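Trainee: entry20.txt is the file, holding compact mmCIF, C-alpha atoms:
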```txt
# COMPACT_ATOMS: atom_id res chain seq x y z
CA MET A 1 15.01 -15.65 -89.83
CA LYS A 2 11.91 -15.91 -87.76
CA LEU A 3 8.93 -18.15 -87.87
CA VAL A 4 5.95 -15.85 -87.81
CA ARG A 5 2.55 -16.85 -86.58
CA TYR A 6 -0.03 -16.73 -89.34
CA ASN A 7 -2.59 -14.04 -88.67
CA GLN A 8 -5.89 -15.23 -89.99
CA THR A 9 -8.07 -12.42 -91.29
CA ALA A 10 -9.77 -14.10 -94.22
CA GLY A 11 -12.77 -15.14 -92.20
CA ARG A 12 -13.55 -11.64 -91.11
CA PRO A 13 -17.22 -10.81 -91.50
CA ASN A 14 -18.31 -7.99 -93.69
CA GLU A 15 -18.24 -4.95 -91.43
CA TRP A 16 -20.91 -3.09 -93.36
CA ASN A 17 -23.38 -5.92 -92.92
CA ALA A 18 -22.69 -5.88 -89.21
CA LEU A 19 -23.13 -2.12 -89.18
CA LEU A 20 -26.50 -2.32 -90.89
CA SER A 21 -27.88 -5.07 -88.72
CA ASP A 22 -26.55 -3.69 -85.47
CA PRO A 23 -25.09 -0.21 -85.81
CA PHE A 24 -23.83 0.08 -82.28
CA SER A 25 -22.04 -3.25 -82.21
CA MET A 26 -19.38 -1.38 -84.13
CA PHE A 27 -18.68 0.76 -81.11
CA ALA A 28 -16.97 -2.18 -79.52
CA PRO A 29 -13.25 -1.90 -79.89
CA PHE A 30 -12.09 -4.57 -82.25
CA PHE A 31 -8.74 -5.69 -83.38
CA GLY A 32 -7.20 -7.73 -86.17
CA ASP A 33 -9.80 -10.14 -85.05
CA THR A 34 -9.74 -13.79 -85.84
CA CYS A 35 -13.33 -14.19 -84.82
CA ARG A 36 -16.35 -12.25 -83.70
CA SER A 37 -19.61 -13.36 -82.30
CA SER A 38 -22.42 -13.06 -84.78
CA SER A 39 -25.01 -10.35 -84.29
CA SER A 40 -27.85 -12.84 -84.40
CA SER A 41 -26.73 -14.64 -81.28
CA SER A 42 -26.91 -11.53 -79.17
CA THR A 43 -29.56 -8.91 -78.61
CA PRO A 44 -28.80 -5.83 -80.72
CA SER A 45 -27.77 -2.83 -78.67
CA SER A 46 -30.97 -1.51 -77.28
CA VAL A 47 -32.63 1.66 -76.10
CA SER A 48 -34.86 1.53 -73.05
CA TRP A 49 -37.34 4.32 -72.46
CA TYR A 50 -38.95 5.43 -69.20
CA GLU A 51 -40.99 8.41 -68.07
CA ASP A 52 -42.22 10.08 -64.95
CA ASP A 53 -44.38 13.17 -64.57
CA GLU A 54 -41.57 15.61 -65.44
CA ASN A 55 -39.24 13.81 -67.85
CA TYR A 56 -38.67 11.07 -70.37
CA TYR A 57 -35.55 8.96 -69.83
CA ALA A 58 -33.59 6.94 -72.40
CA ARG A 59 -30.82 4.44 -71.70
CA ILE A 60 -28.76 3.57 -74.77
CA GLU A 61 -26.04 0.92 -74.96
CA MET A 62 -22.73 2.35 -76.16
CA PRO A 63 -19.98 0.01 -75.00
CA GLY A 64 -16.41 1.21 -75.46
CA VAL A 65 -17.41 4.79 -76.27
CA LYS A 66 -15.54 7.64 -74.57
CA LYS A 67 -17.37 10.77 -73.50
CA GLU A 68 -14.97 13.02 -75.40
CA ASN A 69 -15.66 11.24 -78.70
CA LEU A 70 -19.43 11.34 -78.49
CA LYS A 71 -21.64 14.13 -79.76
CA VAL A 72 -25.35 14.41 -79.01
CA GLU A 73 -27.45 16.90 -80.98
CA ALA A 74 -31.17 17.54 -80.80
CA GLU A 75 -33.42 19.10 -83.43
CA GLU A 76 -37.09 18.92 -84.40
CA GLY A 77 -38.00 15.78 -82.51
CA ILE A 78 -34.81 13.98 -83.54
CA LEU A 79 -31.74 13.23 -81.50
CA ASN A 80 -28.54 12.60 -83.42
CA LEU A 81 -25.78 10.63 -81.71
CA SER A 82 -22.44 10.56 -83.45
CA TYR A 83 -19.17 9.02 -82.46
CA GLU A 84 -15.69 9.15 -83.87
CA THR A 85 -12.77 7.05 -82.70
CA GLY A 86 -10.06 9.24 -81.31
CA LYS A 87 -6.37 8.96 -82.04
CA SER A 88 -5.40 7.40 -78.71
CA GLU A 89 -8.02 4.72 -79.20
CA CYS A 90 -6.75 4.02 -82.67
CA GLU A 91 -3.25 3.62 -81.30
CA THR A 92 -4.44 1.14 -78.70
CA SER A 93 -6.34 -0.97 -81.18
CA GLY A 94 -3.58 -0.80 -83.75
CA GLN A 95 -6.06 0.25 -86.42
CA CYS A 96 -5.32 3.77 -87.37
CA GLU A 97 -8.24 4.63 -89.58
CA SER A 98 -10.58 6.82 -87.62
CA LYS A 99 -14.13 5.53 -87.64
CA ARG A 100 -17.36 7.49 -87.53
CA PHE A 101 -20.77 6.23 -86.67
CA SER A 102 -24.05 7.95 -86.15
CA ARG A 103 -27.54 7.07 -85.14
CA THR A 104 -30.73 9.06 -85.00
CA LEU A 105 -33.36 8.60 -82.39
CA ARG A 106 -36.90 9.91 -82.49
CA VAL A 107 -37.79 11.74 -79.30
CA PRO A 108 -41.29 12.09 -77.87
CA GLU A 109 -43.25 15.09 -79.18
CA LYS A 110 -43.65 16.72 -75.82
CA THR A 111 -39.89 16.98 -75.21
CA ARG A 112 -38.30 20.35 -74.43
CA LEU A 113 -35.16 19.98 -76.55
CA SER A 114 -33.22 22.77 -74.86
CA GLY A 115 -33.29 21.00 -71.51
CA ILE A 116 -31.92 17.57 -72.50
CA GLU A 117 -29.17 16.21 -70.26
CA ALA A 118 -26.81 13.33 -71.06
CA LYS A 119 -24.52 11.15 -68.97
CA LEU A 120 -22.24 8.33 -70.14
CA GLU A 121 -21.36 5.63 -67.62
CA ASP A 122 -20.26 1.98 -67.93
CA GLY A 123 -21.06 1.98 -71.66
CA ILE A 124 -24.61 3.28 -71.18
CA LEU A 125 -25.70 6.73 -72.33
CA SER A 126 -28.46 8.02 -70.04
CA LEU A 127 -30.55 10.87 -71.38
CA THR A 128 -33.01 12.96 -69.43
CA LEU A 129 -35.53 14.68 -71.69
CA PRO A 130 -37.76 17.19 -69.90
CA LYS A 131 -41.39 17.31 -70.89
CA VAL A 132 -42.89 20.54 -72.12
CA GLU A 133 -45.05 22.00 -69.40
CA GLU A 134 -48.65 21.62 -70.37
CA LYS A 135 -50.78 24.70 -70.25
CA LYS A 136 -53.10 24.25 -67.34
CA PRO A 137 -56.50 25.87 -67.33
CA VAL A 138 -56.63 28.96 -65.15
CA SER A 139 -59.66 29.30 -63.00
CA ILE A 140 -61.16 32.74 -62.97
CA LYS A 141 -62.84 34.01 -59.94
CA ILE A 142 -66.30 35.30 -60.47
CA SER A 143 -66.91 38.46 -58.56
CA MET B 1 -0.25 -22.40 -80.88
CA SER B 2 -3.48 -22.79 -82.79
CA THR B 3 -6.12 -20.22 -83.61
CA GLU B 4 -8.77 -22.36 -81.98
CA LEU B 5 -9.54 -19.90 -79.21
CA CYS B 6 -12.58 -18.89 -81.12
CA LYS B 7 -14.31 -22.19 -80.68
CA ASP B 8 -17.44 -21.03 -79.03
CA GLU B 9 -18.79 -23.33 -76.36
CA THR B 10 -21.64 -21.12 -75.20
CA ASN B 11 -24.36 -23.12 -76.92
CA ASP B 12 -23.09 -26.40 -75.51
CA VAL B 13 -24.25 -25.45 -72.06
CA ALA B 14 -27.27 -27.54 -71.21
CA SER B 15 -28.54 -25.42 -68.34
CA PRO B 16 -26.50 -22.30 -67.60
CA GLN B 17 -25.85 -21.93 -63.90
CA VAL B 18 -26.32 -18.20 -63.79
CA ALA B 19 -26.88 -16.28 -60.63
CA GLU B 20 -30.25 -14.87 -61.63
CA ALA B 21 -32.22 -17.72 -63.13
CA SER B 22 -35.15 -15.50 -64.06
CA LEU B 23 -33.12 -13.15 -66.29
CA PRO B 24 -32.89 -13.68 -70.05
CA VAL B 25 -29.47 -15.10 -70.95
CA VAL B 26 -27.66 -13.26 -73.73
CA LYS B 27 -24.38 -14.11 -75.44
CA PRO B 28 -22.31 -10.92 -75.54
CA HIS B 29 -20.42 -9.64 -78.56
CA TYR B 30 -16.72 -10.35 -78.37
CA SER B 31 -13.57 -10.07 -80.42
CA SER B 32 -10.12 -11.53 -79.91
CA ARG B 33 -6.55 -11.11 -81.00
CA TYR B 34 -3.23 -12.55 -79.99
CA ASP B 35 0.40 -11.61 -79.79
CA ASP B 36 3.49 -13.61 -78.84
CA GLU B 37 2.63 -13.50 -75.14
CA ALA B 38 -1.11 -13.81 -74.79
CA TRP B 39 -4.61 -13.88 -76.19
CA GLU B 40 -6.66 -10.77 -75.61
CA VAL B 41 -10.43 -11.11 -75.65
CA SER B 42 -12.67 -8.07 -75.62
CA VAL B 43 -16.28 -8.57 -74.52
CA THR B 44 -18.97 -5.89 -74.66
CA LEU B 45 -20.97 -5.73 -71.42
CA PRO B 46 -22.71 -2.33 -71.40
CA GLY B 47 -24.16 -1.33 -68.05
CA VAL B 48 -22.46 -4.16 -66.15
CA LYS B 49 -20.71 -3.34 -62.86
CA LYS B 50 -17.36 -4.87 -61.95
CA GLU B 51 -18.83 -6.77 -59.00
CA ASP B 52 -21.34 -8.49 -61.28
CA VAL B 53 -18.75 -10.18 -63.50
CA GLU B 54 -17.38 -13.64 -62.85
CA VAL B 55 -14.62 -15.17 -64.98
CA SER B 56 -13.06 -18.59 -64.59
CA VAL B 57 -10.83 -20.86 -66.67
CA GLU B 58 -11.23 -24.54 -66.03
CA LYS B 59 -10.43 -27.54 -68.20
CA GLU B 60 -9.38 -25.22 -71.03
CA ILE B 61 -12.76 -23.48 -71.03
CA LEU B 62 -13.06 -19.77 -70.31
CA ASP B 63 -16.40 -19.22 -68.64
CA LEU B 64 -17.76 -15.69 -68.31
CA LYS B 65 -20.92 -14.90 -66.37
CA ALA B 66 -22.25 -11.41 -65.81
CA LYS B 67 -25.51 -9.78 -64.99
CA ARG B 68 -27.01 -6.39 -65.52
CA ILE B 69 -29.74 -5.14 -63.25
CA PHE B 70 -31.06 -1.61 -63.60
CA ASP B 71 -32.82 -0.29 -60.54
CA ALA B 72 -35.02 2.38 -62.04
CA PRO B 73 -35.53 5.32 -59.66
CA GLU B 74 -38.88 5.58 -57.96
CA GLY B 75 -41.60 6.97 -60.18
CA TRP B 76 -39.99 5.86 -63.48
CA ARG B 77 -42.44 3.96 -65.64
CA PRO B 78 -41.07 1.84 -68.50
CA LEU B 79 -42.34 2.71 -71.97
CA GLY B 80 -42.59 -0.43 -74.06
CA ASP B 81 -40.74 -3.65 -73.29
CA ASP B 82 -38.06 -3.06 -70.70
CA GLN B 83 -35.20 -5.40 -71.58
CA SER B 84 -32.58 -3.78 -69.39
CA ASP B 85 -32.06 -6.66 -67.00
CA ARG B 86 -30.20 -9.65 -68.35
CA SER B 87 -27.55 -12.27 -67.74
CA TYR B 88 -24.56 -12.57 -70.02
CA ARG B 89 -22.88 -15.89 -70.63
CA LEU B 90 -19.89 -16.68 -72.81
CA ARG B 91 -17.85 -19.89 -72.93
CA LEU B 92 -14.73 -20.14 -75.06
CA ASP B 93 -12.39 -23.06 -75.62
CA VAL B 94 -8.99 -21.51 -74.94
CA GLY B 95 -6.97 -24.66 -75.54
CA PRO B 96 -4.02 -26.02 -73.59
CA GLU B 97 -1.72 -23.08 -74.43
CA VAL B 98 -3.28 -20.66 -71.95
CA ASP B 99 -1.97 -20.45 -68.40
CA PRO B 100 -5.16 -20.19 -66.26
CA ALA B 101 -3.26 -18.81 -63.25
CA GLY B 102 -2.18 -15.69 -65.15
CA VAL B 103 -5.53 -14.59 -66.54
CA SER B 104 -6.32 -10.93 -65.85
CA ALA B 105 -9.38 -8.83 -66.57
CA GLY B 106 -10.34 -5.16 -66.67
CA LEU B 107 -13.73 -3.53 -67.17
CA GLU B 108 -13.90 -0.07 -68.70
CA ASP B 109 -16.76 1.79 -70.41
CA GLY B 110 -18.81 -1.40 -70.60
CA VAL B 111 -16.05 -3.44 -72.27
CA LEU B 112 -14.35 -6.30 -70.45
CA THR B 113 -10.80 -6.95 -71.63
CA LEU B 114 -9.38 -10.35 -70.73
CA ARG B 115 -5.71 -11.13 -71.10
CA LEU B 116 -4.93 -14.82 -71.28
CA PRO B 117 -1.17 -15.36 -71.10
CA LEU B 118 0.35 -18.31 -72.91
CA ARG B 119 2.32 -21.00 -71.12
CA GLU B 120 6.08 -20.65 -71.57
CA GLU B 121 6.25 -23.72 -73.77
CA SER B 122 3.51 -22.37 -76.05
CA LYS B 123 5.17 -19.04 -76.80
CA SER B 124 6.65 -18.61 -80.22
CA ARG B 125 10.42 -18.59 -80.49
CA SER B 126 12.82 -17.32 -83.05
CA ILE B 127 14.75 -20.12 -84.68
CA GLU B 128 18.17 -19.31 -85.94
CA VAL B 129 18.72 -20.68 -89.42
CA GLN B 130 22.26 -22.03 -89.70
```
In structure tokens, how does this file's structure come out?

Mentor:
Amino acid sequence: MKLVRYNQTAGRPNEWNALLSDPFSMFAPFFGDTCRSSSSSSTPSSVSWYEDDENYYARIEMPGVKKENLKVEAEEGILNLSYETGKSECETSGQCESKRFSRTLRVPEKTRLSGIEAKLEDGILSLTLPKVEEKKPVSIKIS
Amino acid sequence: MSTELCKDETNDVASPQVAEASLPVVKPHYSSRYDDEAWEVSVTLPGVKKEDVEVSVEKEILDLKAKRIFDAPEGWRPLGDDQSDRSYRLRLDVGPEVDPAGVSAGLEDGVLTLRLPLREESKSRSIEVQ
């Protein structure tokens, strides 16, 4: 007979509430957790936008997300990011339900959707969104 | 062993001694679990480089300091409030069961995983019932 340590799970916060208040906090791998920090004490995962003359740039926090589990789709001024926990991840965490999350992001009007590039590094998704080339006036030579 | 690891000491810090005093200090999200050998604490630190993380355990307090600085390439202009740069600070009361000498840490995909091994005398044992 063994004495087994009591695994406290009763105090677990409602995951849906956490998802609604801070969708991307759920990307963090979590376990049979006995505690979690509350969303209010930390800044919600954020998106930072930049631009230069050629492109817009977005940096999106996605801690714990693997490149192979992330899908980025662009349509009509909207960018859809979706993520599903893979099997290996589920084995590591000991929680074998696969989880899916998605988030939509409005992209600037002048973006050329076909040219968007994405890179995931250190839990940050960096997107480069090329601007549509503006039609410049053509000067006509008067003969 | 108790389940008191979760006692959060972050707010008890009067004036955090972080490396970059001008950066906003943020408490990172974390979760924890334990097994017979150790506590495992998982802390989300997106965008943080390994060299910018500092972890210590002293007087039963785990103290984590990290910073995130994004050097935007030349010509990039921020749109709206740029809140990329920040300091992270987390302090957890790990109790007397943790062996500070054996603490290990790994940073992957913006998640820091800390393994806090228990002292021999704190590990659970099977007790044979006669």

Trainee: Have a look at atom CA of Thr128 of chain A and atom CA of Glu51 of chain B and let me know their distance in Å, one decimal.

Mentor: 26.4 Å

Trainee: In terms of the shortest atom-to-atom distance over only C-alpha atoms, which of A:Ile142, A:Leu125, A:Ile116, A:Val132 is closest to chain B?

Mentor: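 Between A:Ile142, A:Leu125, A:Ile116, A:Val132, the residue approaching chain B most closely is A:Leu125.
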
Trainee: Can you work out the spacing between atom CA of Phe101 of chain A and atom CA of Ser32 of chain B in Å, to one decimal?

Mentor: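 Result for atom CA of Phe101 of chain A versus atom CA of Ser32 of chain B: 21.8 Å, one decimal.
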
Trainee: From the set B:Glu128, B:Glu108, B:Glu121, B:Glu97, which residue has the shortest atom-to-atom contact distance to Trp39 of chain B, counting only C-alpha atoms?

Mentor: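 Comparing B:Glu128, B:Glu108, B:Glu121, B:Glu97 against Trp39 of chain B, the winner is B:Glu97.
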
Trainee: Report the distance between atom CA of Val111 of chain B and atom CA of Asp82 of chain B in Å, rounded to one decimal place.

Mentor: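 One can read the atom CA of Val111 of chain B to atom CA of Asp82 of chain B distance as 22.1 Å.
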
Trainee: Neighbouring residues of Gln83 of chain B were defined as those with any atom within 12 Å, considering only C-alpha atoms; residues of the same chain fewer than 6 positions away were excluded. Please report them as a ChimeraX atom specification.

Mentor: /A:43-50,59-61 /B:23-26,68-70

Trainee: Please, which residues in chain B fall within 8 Å of chain A when counting only C-alpha atoms, and what is the closest atom pair and distance in Å to one decimal for each, ordered by chain then residue number, as a tab-separated table?

Mentor:
```
residue	atom	partner	partner_atom	distance
B:Thr3	CA	A:Thr34	CA	7.7
B:Cys6	CA	A:Cys35	CA	6.0
B:Val26	CA	A:Ser42	CA	5.8
B:Lys27	CA	A:Ser42	CA	5.2
B:Pro28	CA	A:Ser42	CA	5.9
B:His29	CA	A:Ser37	CA	5.3
B:Tyr30	CA	A:Arg36	CA	5.7
B:Ser31	CA	A:Arg36	CA	4.8
B:Ser32	CA	A:Asp33	CA	5.3
B:Arg33	CA	A:Asp33	CA	5.3
B:Ser42	CA	A:Phe30	CA	7.5
B:Thr44	CA	A:Pro63	CA	6.0
B:Leu45	CA	A:Pro63	CA	6.8
B:Pro46	CA	A:Gly123	CA	4.6
B:Gly47	CA	A:Asp122	CA	5.1
B:Val48	CA	A:Asp122	CA	6.8
B:Lys49	CA	A:Asp122	CA	7.4
B:Gly75	CA	A:Asp52	CA	5.7
B:Trp76	CA	A:Asp52	CA	5.0
B:Arg77	CA	A:Tyr50	CA	5.2
B:Pro78	CA	A:Tyr50	CA	4.2
B:Leu79	CA	A:Tyr50	CA	5.2
B:Gly80	CA	A:Trp49	CA	7.3
B:Asp81	CA	A:Ser48	CA	7.8
B:Asp82	CA	A:Ser48	CA	6.1
B:Gln83	CA	A:Ser48	CA	7.1
B:Ser84	CA	A:Ser48	CA	6.8
B:Glu108	CA	A:Asp122	CA	6.7
B:Asp109	CA	A:Asp122	CA	4.3
B:Gly110	CA	A:Gly123	CA	4.2
B:Val111	CA	A:Gly64	CA	5.7
B:Ser124	CA	A:Arg5	CA	7.8
B:Arg125	CA	A:Leu3	CA	7.5
B:Ser126	CA	A:Lys2	CA	5.0
B:Ile127	CA	A:Lys2	CA	5.9
B:Glu128	CA	A:Met1	CA	6.2
B:Val129	CA	A:Met1	CA	6.3
```

Trainee: For segment 64-71 of chain B, I'd like the enclosing box, axis-aligned and padded by 8 Å on every side, reported as AutoDock Vina command-line options with centre and edge lengths in Å to one decimal.

Mentor:
```
--center_x -25.3 --center_y -8.0 --center_z -64.4 --size_x 31.1 --size_y 31.4 --size_z 23.8
```

Trainee: Would you mind telling me which residue in B:Leu114, B:Leu92, B:Ala72, B:Leu107 lies nearest to Lys50 of chain B when using all atoms listed in the file?

Mentor: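 So, comparing all the options, the nearest one is B:Leu107.
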
Trainee: When you look at segment 68-78 of chain A with a cut-off of 9 Å (counting all atoms listed in the file), what residues show up, excluding the ones that are within fewer than 4 positions of it in the same chain? I need them as a list in words.

Mentor: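 Residues near the query, excluding close chain neighbours: Ser82, Tyr83, Glu84, Thr85, Gly86, Thr104, Leu105, Arg106, Val107, Pro108, Glu109, Lys110, Thr111, Leu113, Ser114, Ile116 and Ala118 of chain A.
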
Trainee: Counting all atoms listed in the file, which residue out of B:Val98, B:Asp35, B:Glu40, B:Ser87 sits closest to Asp52 of chain B?

Mentor: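 Using all atoms listed in the file, Asp52 of chain B sits closest to B:Ser87.
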
Trainee: Find the residue from A:Ser143, A:Leu81, A:Lys119, A:Arg112 that sits nearest to Lys131 of chain A; use all atoms listed in the file when measuring.

Mentor: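 Closest candidate: A:Arg112.
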
Trainee: Could you add whatever atoms are missing so that segment 119-130 of chain A carries all heavy atoms, then write the result as a compact mmCIF listing (two decimals), in the frame of the given file?

Mentor:
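Written output follows (part-v1.txt):
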```txt
# COMPACT_ATOMS: atom_id res chain seq x y z
N LYS A 119 -25.61 11.66 -69.83
CA LYS A 119 -24.52 11.15 -68.97
C LYS A 119 -24.08 9.80 -69.51
O LYS A 119 -24.91 8.96 -69.87
CB LYS A 119 -25.07 10.99 -67.54
CG LYS A 119 -23.99 10.76 -66.50
CD LYS A 119 -24.60 10.73 -65.11
CE LYS A 119 -24.62 9.31 -64.61
NZ LYS A 119 -25.22 9.16 -63.28
N LEU A 120 -22.76 9.60 -69.61
CA LEU A 120 -22.24 8.33 -70.14
C LEU A 120 -21.51 7.60 -69.02
O LEU A 120 -20.56 8.13 -68.44
CB LEU A 120 -21.30 8.63 -71.31
CG LEU A 120 -20.74 7.45 -72.10
CD1 LEU A 120 -21.85 6.64 -72.75
CD2 LEU A 120 -19.79 7.95 -73.19
N GLU A 121 -21.97 6.39 -68.72
CA GLU A 121 -21.36 5.63 -67.62
C GLU A 121 -21.44 4.14 -67.91
O GLU A 121 -22.51 3.63 -68.28
CB GLU A 121 -22.12 5.95 -66.32
CG GLU A 121 -21.41 5.46 -65.08
CD GLU A 121 -22.20 5.81 -63.81
OE1 GLU A 121 -23.43 5.92 -63.86
OE2 GLU A 121 -21.56 5.95 -62.77
N ASP A 122 -20.33 3.45 -67.74
CA ASP A 122 -20.26 1.98 -67.93
C ASP A 122 -20.81 1.55 -69.30
O ASP A 122 -21.42 0.49 -69.42
CB ASP A 122 -21.06 1.25 -66.83
CG ASP A 122 -20.50 1.51 -65.45
OD1 ASP A 122 -19.28 1.71 -65.34
OD2 ASP A 122 -21.28 1.53 -64.48
N GLY A 123 -20.60 2.36 -70.32
CA GLY A 123 -21.06 1.98 -71.66
C GLY A 123 -22.54 2.19 -71.88
O GLY A 123 -23.10 1.67 -72.84
N ILE A 124 -23.19 2.95 -71.00
CA ILE A 124 -24.61 3.28 -71.18
C ILE A 124 -24.76 4.80 -71.21
O ILE A 124 -24.28 5.49 -70.30
CB ILE A 124 -25.47 2.74 -70.01
CG1 ILE A 124 -25.39 1.21 -69.90
CG2 ILE A 124 -26.92 3.22 -70.13
CD1 ILE A 124 -26.40 0.44 -70.68
N LEU A 125 -25.39 5.30 -72.26
CA LEU A 125 -25.70 6.73 -72.33
C LEU A 125 -27.09 6.94 -71.74
O LEU A 125 -28.07 6.36 -72.22
CB LEU A 125 -25.67 7.21 -73.78
CG LEU A 125 -26.03 8.67 -74.02
CD1 LEU A 125 -24.97 9.60 -73.46
CD2 LEU A 125 -26.23 8.95 -75.50
N SER A 126 -27.16 7.74 -70.67
CA SER A 126 -28.46 8.02 -70.04
C SER A 126 -28.88 9.44 -70.40
O SER A 126 -28.14 10.39 -70.16
CB SER A 126 -28.33 7.93 -68.51
OG SER A 126 -27.88 6.65 -68.15
N LEU A 127 -30.04 9.55 -70.99
CA LEU A 127 -30.55 10.87 -71.38
C LEU A 127 -31.78 11.22 -70.54
O LEU A 127 -32.63 10.36 -70.31
CB LEU A 127 -30.97 10.85 -72.85
CG LEU A 127 -29.89 10.58 -73.88
CD1 LEU A 127 -30.51 10.37 -75.25
CD2 LEU A 127 -28.91 11.74 -73.94
N THR A 128 -31.82 12.46 -70.10
CA THR A 128 -33.01 12.96 -69.43
C THR A 128 -33.63 14.01 -70.34
O THR A 128 -32.98 14.98 -70.72
CB THR A 128 -32.64 13.61 -68.07
OG1 THR A 128 -31.99 12.61 -67.28
CG2 THR A 128 -33.86 14.10 -67.33
N LEU A 129 -34.86 13.78 -70.75
CA LEU A 129 -35.53 14.68 -71.69
C LEU A 129 -36.76 15.30 -71.01
O LEU A 129 -37.77 14.61 -70.82
CB LEU A 129 -35.98 13.89 -72.94
CG LEU A 129 -34.90 13.08 -73.67
CD1 LEU A 129 -34.97 11.61 -73.29
CD2 LEU A 129 -35.02 13.22 -75.16
N PRO A 130 -36.64 16.57 -70.62
CA PRO A 130 -37.76 17.19 -69.90
C PRO A 130 -39.00 17.33 -70.78
O PRO A 130 -38.90 17.61 -71.98
CB PRO A 130 -37.21 18.55 -69.48
CG PRO A 130 -36.03 18.78 -70.32
CD PRO A 130 -35.51 17.47 -70.80
```
